[in-house]
>>> print(open('structure29.pdb').read())   # PDB, C-alpha atoms
ATOM      1  CA  MET A   1       0.000   0.000   0.000  1.00  0.00           C
ATOM      2  CA  LYS A   2       2.863   2.309   0.817  1.00  0.00           C
ATOM      3  CA  GLU A   3       4.420   1.608  -2.526  1.00  0.00           C
ATOM      4  CA  LYS A   4       1.153   2.224  -4.300  1.00  0.00           C
ATOM      5  CA  SER A   5       0.593   5.517  -2.512  1.00  0.00           C
ATOM      6  CA  SER A   6       4.220   6.483  -3.133  1.00  0.00           C
ATOM      7  CA  ALA A   7       3.777   5.752  -6.851  1.00  0.00           C
ATOM      8  CA  GLN A   8       0.592   7.789  -6.936  1.00  0.00           C
ATOM      9  CA  ALA A   9       2.349  10.696  -5.167  1.00  0.00           C
ATOM     10  CA  ARG A  10       5.116  10.584  -7.790  1.00  0.00           C
ATOM     11  CA  GLN A  11       2.541  10.580 -10.592  1.00  0.00           C
ATOM     12  CA  ILE A  12       0.753  13.506  -8.986  1.00  0.00           C
ATOM     13  CA  LYS A  13       4.033  15.437  -8.728  1.00  0.00           C
ATOM     14  CA  GLU A  14       4.865  14.645 -12.363  1.00  0.00           C
ATOM     15  CA  ILE A  15       1.423  15.797 -13.470  1.00  0.00           C
ATOM     16  CA  GLU A  16       1.726  18.956 -11.350  1.00  0.00           C
ATOM     17  CA  ALA A  17       5.181  19.616 -12.857  1.00  0.00           C
ATOM     18  CA  ARG A  18       3.801  19.192 -16.402  1.00  0.00           C
ATOM     19  CA  LEU A  19       0.855  21.437 -15.572  1.00  0.00           C
ATOM     20  CA  ASP A  20       3.168  24.054 -14.072  1.00  0.00           C
ATOM     21  CA  SER A  21       5.297  23.909 -17.228  1.00  0.00           C
ATOM     22  CA  LYS A  22       2.240  24.268 -19.477  1.00  0.00           C
ATOM     23  CA  LEU A  23       0.918  27.101 -17.301  1.00  0.00           C
ATOM     24  CA  ALA A  24       4.249  28.955 -17.515  1.00  0.00           C
ATOM     25  CA  LYS A  25       4.290  28.460 -21.289  1.00  0.00           C
ATOM     26  CA  ALA A  26       0.697  29.734 -21.600  1.00  0.00           C
ATOM     27  CA  LYS A  27       1.494  32.781 -19.460  1.00  0.00           C
ATOM     28  CA  SER A  28       4.544  33.516 -21.615  1.00  0.00           C
ATOM     29  CA  GLU A  29       2.496  33.237 -24.811  1.00  0.00           C
ATOM     30  CA  ALA A  30      -0.215  35.458 -23.310  1.00  0.00           C
ATOM     31  CA  GLN A  31       2.366  38.120 -22.413  1.00  0.00           C
ATOM     32  CA  LYS A  32       3.787  38.006 -25.954  1.00  0.00           C
ATOM     33  CA  ALA A  33       0.306  38.330 -27.440  1.00  0.00           C
ATOM     34  CA  LYS A  34      -0.478  41.230 -25.117  1.00  0.00           C
ATOM     35  CA  ALA A  35       2.768  43.014 -26.071  1.00  0.00           C
ATOM     36  CA  GLU A  36       2.015  42.532 -29.791  1.00  0.00           C
ATOM     37  CA  ALA A  37      -1.538  43.802 -29.346  1.00  0.00           C
ATOM     38  CA  GLU A  38      -0.301  46.866 -27.462  1.00  0.00           C
ATOM     39  CA  ALA A  39       2.212  47.586 -30.242  1.00  0.00           C
ATOM     40  CA  ILE A  40      -0.511  47.316 -32.880  1.00  0.00           C
ATOM     41  CA  VAL A  41      -2.814  49.582 -30.873  1.00  0.00           C
ATOM     42  CA  ALA A  42      -0.005  52.138 -30.521  1.00  0.00           C
ATOM     43  CA  VAL A  43       0.579  52.140 -34.287  1.00  0.00           C
ATOM     44  CA  TYR A  44      -3.121  52.611 -35.012  1.00  0.00           C
ATOM     45  CA  ARG A  45      -3.384  55.343 -32.385  1.00  0.00           C
ATOM     46  CA  VAL A  46      -0.508  57.264 -34.015  1.00  0.00           C
ATOM     47  CA  GLY A  47      -2.123  56.748 -37.421  1.00  0.00           C
ATOM     48  CA  ALA A  48      -5.419  58.117 -36.137  1.00  0.00           C
ATOM     49  CA  GLU A  49      -3.706  61.180 -34.665  1.00  0.00           C
ATOM     50  CA  VAL A  50      -1.895  61.833 -37.957  1.00  0.00           C
ATOM     51  CA  ALA A  51      -5.182  61.483 -39.849  1.00  0.00           C
ATOM     52  CA  GLN A  52      -6.835  64.034 -37.553  1.00  0.00           C
ATOM     53  CA  VAL A  53      -4.022  66.522 -38.119  1.00  0.00           C
ATOM     54  CA  GLN A  54      -4.248  66.001 -41.887  1.00  0.00           C
ATOM     55  CA  GLU A  55      -8.016  66.517 -41.813  1.00  0.00           C
ATOM     56  CA  ARG A  56      -7.598  69.750 -39.850  1.00  0.00           C
ATOM     57  CA  GLU A  57      -4.951  71.003 -42.284  1.00  0.00           C
ATOM     58  CA  ALA A  58      -7.130  70.090 -45.282  1.00  0.00           C
ATOM     59  CA  ALA A  59     -10.080  71.953 -43.767  1.00  0.00           C
ATOM     60  CA  GLU A  60      -7.928  75.026 -43.138  1.00  0.00           C
ATOM     61  CA  THR A  61      -6.579  74.892 -46.690  1.00  0.00           C
ATOM     62  CA  ALA A  62     -10.083  74.594 -48.118  1.00  0.00           C
ATOM     63  CA  GLN A  63     -11.267  77.510 -46.003  1.00  0.00           C
ATOM     64  CA  THR A  64      -8.339  79.674 -47.114  1.00  0.00           C
ATOM     65  CA  GLN A  65      -8.913  78.755 -50.747  1.00  0.00           C
ATOM     66  CA  ALA A  66     -12.615  79.561 -50.459  1.00  0.00           C
ATOM     67  CA  TYR A  67     -11.732  82.971 -49.022  1.00  0.00           C
ATOM     68  CA  TRP A  68      -9.400  83.757 -51.925  1.00  0.00           C
ATOM     69  CA  ILE A  69     -11.904  82.528 -54.499  1.00  0.00           C
ATOM     70  CA  ALA A  70     -14.449  84.951 -53.025  1.00  0.00           C
ATOM     71  CA  GLU A  71     -11.836  87.712 -53.128  1.00  0.00           C
ATOM     72  CA  LEU A  72     -11.108  86.893 -56.776  1.00  0.00           C
ATOM     73  CA  ALA A  73     -14.799  87.163 -57.616  1.00  0.00           C
ATOM     74  CA  LYS A  74     -14.957  90.575 -55.905  1.00  0.00           C
ATOM     75  CA  CYS A  75     -11.891  91.793 -57.798  1.00  0.00           C
ATOM     76  CA  GLN A  76     -13.262  90.599 -61.127  1.00  0.00           C
ATOM     77  CA  SER A  77     -16.592  92.279 -60.462  1.00  0.00           C
ATOM     78  CA  ARG A  78     -14.894  95.545 -59.484  1.00  0.00           C
ATOM     79  CA  ARG A  79     -12.668  95.472 -62.577  1.00  0.00           C
ATOM     80  CA  LYS A  80     -15.623  94.817 -64.883  1.00  0.00           C
ATOM     81  CA  THR A  81     -17.580  97.652 -63.301  1.00  0.00           C
ATOM     82  CA  LEU A  82     -14.632 100.023 -63.736  1.00  0.00           C
ATOM     83  CA  GLU A  83     -14.210  98.916 -67.361  1.00  0.00           C
ATOM     84  CA  GLU A  84     -17.897  99.566 -68.023  1.00  0.00           C
ATOM     85  CA  ILE A  85     -17.595 103.051 -66.535  1.00  0.00           C
ATOM     86  CA  HIS A  86     -14.395 103.603 -68.562  1.00  0.00           C
ATOM     87  CA  ALA A  87     -16.251 102.546 -71.722  1.00  0.00           C
ATOM     88  CA  ARG A  88     -18.735 105.366 -71.084  1.00  0.00           C
ATOM     89  CA  GLY A  89     -15.964 107.920 -71.397  1.00  0.00           C
ATOM     90  CA  PHE A  90     -14.621 108.308 -67.870  1.00  0.00           C
ATOM     91  CA  ASP A  91     -10.857 108.027 -67.439  1.00  0.00           C
ATOM     92  CA  LEU A  92     -10.430 105.268 -64.887  1.00  0.00           C
ATOM     93  CA  THR A  93      -7.253 103.799 -66.375  1.00  0.00           C
ATOM     94  CA  ASP A  94      -5.300 103.843 -63.117  1.00  0.00           C
ATOM     95  CA  GLU A  95      -8.177 102.339 -61.152  1.00  0.00           C
ATOM     96  CA  ILE A  96      -8.614  99.582 -63.751  1.00  0.00           C
ATOM     97  CA  ILE A  97      -4.891  98.819 -63.691  1.00  0.00           C
ATOM     98  CA  ASN A  98      -4.995  98.578 -59.890  1.00  0.00           C
ATOM     99  CA  ALA A  99      -8.106  96.405 -60.034  1.00  0.00           C
ATOM    100  CA  LYS A 100      -6.412  94.051 -62.527  1.00  0.00           C
ATOM    101  CA  GLU A 101      -3.342  93.832 -60.297  1.00  0.00           C
ATOM    102  CA  HIS A 102      -5.533  92.947 -57.312  1.00  0.00           C
ATOM    103  CA  GLU A 103      -7.343  90.406 -59.455  1.00  0.00           C
ATOM    104  CA  VAL A 104      -4.048  88.787 -60.483  1.00  0.00           C
ATOM    105  CA  ASP A 105      -2.962  88.612 -56.834  1.00  0.00           C
ATOM    106  CA  ALA A 106      -6.297  87.124 -55.769  1.00  0.00           C
ATOM    107  CA  ARG A 107      -6.183  84.608 -58.638  1.00  0.00           C
ATOM    108  CA  ALA A 108      -2.720  83.507 -57.526  1.00  0.00           C
ATOM    109  CA  MET A 109      -3.876  83.086 -53.935  1.00  0.00           C
ATOM    110  CA  ALA A 110      -7.079  81.288 -54.978  1.00  0.00           C
ATOM    111  CA  SER A 111      -5.192  78.838 -57.126  1.00  0.00           C
ATOM    112  CA  SER A 112      -4.957  75.477 -55.429  1.00  0.00           C
ATOM    113  CA  ASP A 113      -2.244  74.372 -57.847  1.00  0.00           C
ATOM    114  CA  ASP A 114       1.354  75.061 -56.987  1.00  0.00           C
ATOM    115  CA  ASP A 115       2.382  74.698 -60.628  1.00  0.00           C
ATOM    116  CA  ASP A 116       1.816  78.337 -61.591  1.00  0.00           C
ATOM    117  CA  ASP A 117       5.143  78.311 -63.431  1.00  0.00           C
ATOM    118  CA  ASP A 118       3.539  77.317 -66.732  1.00  0.00           C
ATOM    119  CA  GLY A 119       4.045  80.801 -68.139  1.00  0.00           C
ATOM    120  CA  SER A 120       0.367  81.514 -68.729  1.00  0.00           C
ATOM    121  CA  LYS A 121      -0.576  85.128 -68.197  1.00  0.00           C
ATOM    122  CA  SER A 122      -3.673  87.183 -68.727  1.00  0.00           C
ATOM    123  CA  GLY A 123      -3.866  89.495 -71.717  1.00  0.00           C
ATOM    124  CA  PHE A 124      -3.094  92.480 -69.506  1.00  0.00           C
ATOM    125  CA  GLU A 125       0.049  90.819 -68.188  1.00  0.00           C
ATOM    126  CA  ASN A 126       1.136  89.945 -71.733  1.00  0.00           C
ATOM    127  CA  GLY A 127       1.224  93.598 -72.757  1.00  0.00           C
ATOM    128  CA  GLU A 128      -2.336  94.316 -73.860  1.00  0.00           C
ATOM    129  CA  ASP A 129      -3.932  97.609 -72.944  1.00  0.00           C
ATOM    130  CA  LEU A 130      -7.407  98.040 -71.473  1.00  0.00           C
ATOM    131  CA  ASP A 131      -9.130  97.631 -74.842  1.00  0.00           C
ATOM    132  CA  GLY A 132      -7.285  94.365 -75.590  1.00  0.00           C
ATOM    133  CA  GLU A 133      -4.849  95.993 -78.030  1.00  0.00           C
ATOM    134  CA  GLU A 134      -1.132  95.306 -77.953  1.00  0.00           C
ATOM    135  CA  VAL A 135       1.008  98.078 -76.496  1.00  0.00           C
ATOM    136  CA  ALA A 136       4.747  98.474 -76.203  1.00  0.00           C
ATOM    137  CA  PRO A 137       6.164  97.510 -72.787  1.00  0.00           C
ATOM    138  CA  GLU A 138       7.322 101.060 -72.103  1.00  0.00           C
ATOM    139  CA  GLU A 139       3.697 102.251 -72.473  1.00  0.00           C
ATOM    140  CA  ASN A 140       2.501 100.057 -69.584  1.00  0.00           C
TER
END
>>> encode(input="structure29.pdb", output="structure tokens")
Amino acid sequence: MKEKSSAQARQIKEIEARLDSKLAKAKSEAQKAKAEAEAIVAVYRVGAEVAQVQEREAAETAQTQAYWIAELAKCQSRRKTLEEIHARGFDLTDEIINAKEHEVDARAMASSDDDDDDGSKSGFENGEDLDGEEVAPEEN
């Protein structure tokens, strides 16, 4: 009986040792999985923060562009009004020139493209006078 109970005690200790080993292995695997999950969460959190910043910047850019588009429309309207008054015989040449300069500035600011280096200019910038006729550069 003693031998039988001694054998059973040894088996119990062996089983407990195997269980302890499996438990330690499971805990280790759980810690690894937790560390990996935390790393993934950190990456996604950073990505979400970057996306929020980009959205804010895009909204600010859109708002600025909308402002300059409205300014461009105002400048164009003012220039057209001055040209209509000029066509009726009033000398508003200087005012029209200033209005066209403001319009060019507003157009540049309203442009969402950064590739304004294509060399395209309005007729006024290319040396045309107020009536659309070519003038010498020294006459501008």
>>> residues_around(input="structure29.pdb", residues="Thr81 of chain A", least_positions_apart="2", cutoff="12 Å", atoms="all atoms listed in the file", output="list in words")
Lys74, Cys75, Gln76, Ser77, Arg78, Arg79, Glu83, Glu84, Ile85, His86, Ala87, Arg88, Phe90, Leu92, Glu95, Ile96, Ala99 and Lys100 of chain A
>>> closest_residue(input="structure29.pdb", among="A:Arg18, A:Ser5, A:Ala24, A:Ala106", to="Tyr67 of chain A", atoms="only C-alpha atoms")
A:Ala106
>>> atom_distance(input="structure29.pdb", atom1="atom CA of Met109 of chain A", atom2="atom CA of Ala70 of chain A")
10.8 Å
>>> closest_residue(input="structure29.pdb", among="A:Leu82, A:Glu36, A:Gln31, A:Gly47", to="Asn98 of chain A", atoms="all atoms listed in the file")
A:Leu82
>>> atom_distance(input="structure29.pdb", atom1="atom CA of Ala26 of chain A", atom2="atom CA of Ala9 of chain A")
25.2 Å
>>> atom_distance(input="structure29.pdb", atom1="atom CA of Leu72 of chain A", atom2="atom CA of Ala110 of chain A")
7.1 Å
>>> closest_residue(input="structure29.pdb", among="A:Lys2, A:Val104, A:Lys34, A:Glu29", to="Glu71 of chain A", atoms="only C-alpha atoms")
A:Val104
>>> closest_residue(input="structure29.pdb", among="A:Ser111, A:Ala17, A:Met1, A:Ile12", to="Thr61 of chain A", atoms="all atoms listed in the file")
A:Ser111
>>> decode(input="structure29.pdb", residues="segment 6-29 of chain A", atoms="N, CA and C atoms", output="short mmCIF file (atom, residue, chain, number, x, y, z; two decimals), in the first residue's frame")
data_model
loop_
_atom_site.label_atom_id
_atom_site.label_comp_id
_atom_site.auth_asym_id
_atom_site.auth_seq_id
_atom_site.Cartn_x
_atom_site.Cartn_y
_atom_site.Cartn_z
N SER A 6 3.00 5.79 -2.74
CA SER A 6 4.22 6.48 -3.13
C SER A 6 4.25 6.67 -4.66
N ALA A 7 3.83 5.67 -5.39
CA ALA A 7 3.78 5.75 -6.85
C ALA A 7 2.75 6.79 -7.28
N GLN A 8 1.62 6.80 -6.61
CA GLN A 8 0.59 7.79 -6.94
C GLN A 8 1.08 9.20 -6.62
N ALA A 9 1.81 9.38 -5.54
CA ALA A 9 2.35 10.70 -5.17
C ALA A 9 3.33 11.17 -6.23
N ARG A 10 4.17 10.23 -6.73
CA ARG A 10 5.12 10.58 -7.79
C ARG A 10 4.36 10.99 -9.06
N GLN A 11 3.33 10.25 -9.40
CA GLN A 11 2.54 10.58 -10.59
C GLN A 11 1.89 11.95 -10.44
N ILE A 12 1.38 12.20 -9.24
CA ILE A 12 0.75 13.51 -8.99
C ILE A 12 1.78 14.62 -9.14
N LYS A 13 2.99 14.42 -8.61
CA LYS A 13 4.03 15.44 -8.73
C LYS A 13 4.44 15.63 -10.19
N GLU A 14 4.52 14.54 -10.94
CA GLU A 14 4.86 14.64 -12.36
C GLU A 14 3.79 15.43 -13.12
N ILE A 15 2.54 15.10 -12.82
CA ILE A 15 1.42 15.80 -13.47
C ILE A 15 1.44 17.27 -13.09
N GLU A 16 1.66 17.56 -11.80
CA GLU A 16 1.73 18.96 -11.35
C GLU A 16 2.88 19.69 -12.03
N ALA A 17 4.03 19.01 -12.20
CA ALA A 17 5.18 19.62 -12.86
C ALA A 17 4.85 19.93 -14.32
N ARG A 18 4.19 18.95 -15.01
CA ARG A 18 3.80 19.19 -16.40
C ARG A 18 2.79 20.33 -16.51
N LEU A 19 1.85 20.36 -15.57
CA LEU A 19 0.86 21.44 -15.57
C LEU A 19 1.51 22.79 -15.31
N ASP A 20 2.44 22.82 -14.35
CA ASP A 20 3.17 24.05 -14.07
C ASP A 20 3.94 24.52 -15.30
N SER A 21 4.55 23.59 -16.00
CA SER A 21 5.30 23.91 -17.23
C SER A 21 4.36 24.46 -18.30
N LYS A 22 3.22 23.79 -18.49
CA LYS A 22 2.24 24.27 -19.48
C LYS A 22 1.67 25.63 -19.09
N LEU A 23 1.43 25.82 -17.78
CA LEU A 23 0.92 27.10 -17.30
C LEU A 23 1.93 28.21 -17.56
N ALA A 24 3.20 27.95 -17.28
CA ALA A 24 4.25 28.95 -17.51
C ALA A 24 4.34 29.28 -19.00
N LYS A 25 4.24 28.25 -19.85
CA LYS A 25 4.29 28.46 -21.29
C LYS A 25 3.09 29.29 -21.75
N ALA A 26 1.91 29.00 -21.24
CA ALA A 26 0.70 29.73 -21.60
C ALA A 26 0.79 31.19 -21.15
N LYS A 27 1.33 31.41 -19.95
CA LYS A 27 1.49 32.78 -19.46
C LYS A 27 2.47 33.55 -20.36
N SER A 28 3.55 32.88 -20.74
CA SER A 28 4.54 33.52 -21.62
C SER A 28 3.91 33.89 -22.95
N GLU A 29 3.16 32.97 -23.54
CA GLU A 29 2.50 33.24 -24.81
C GLU A 29 1.48 34.37 -24.68
#
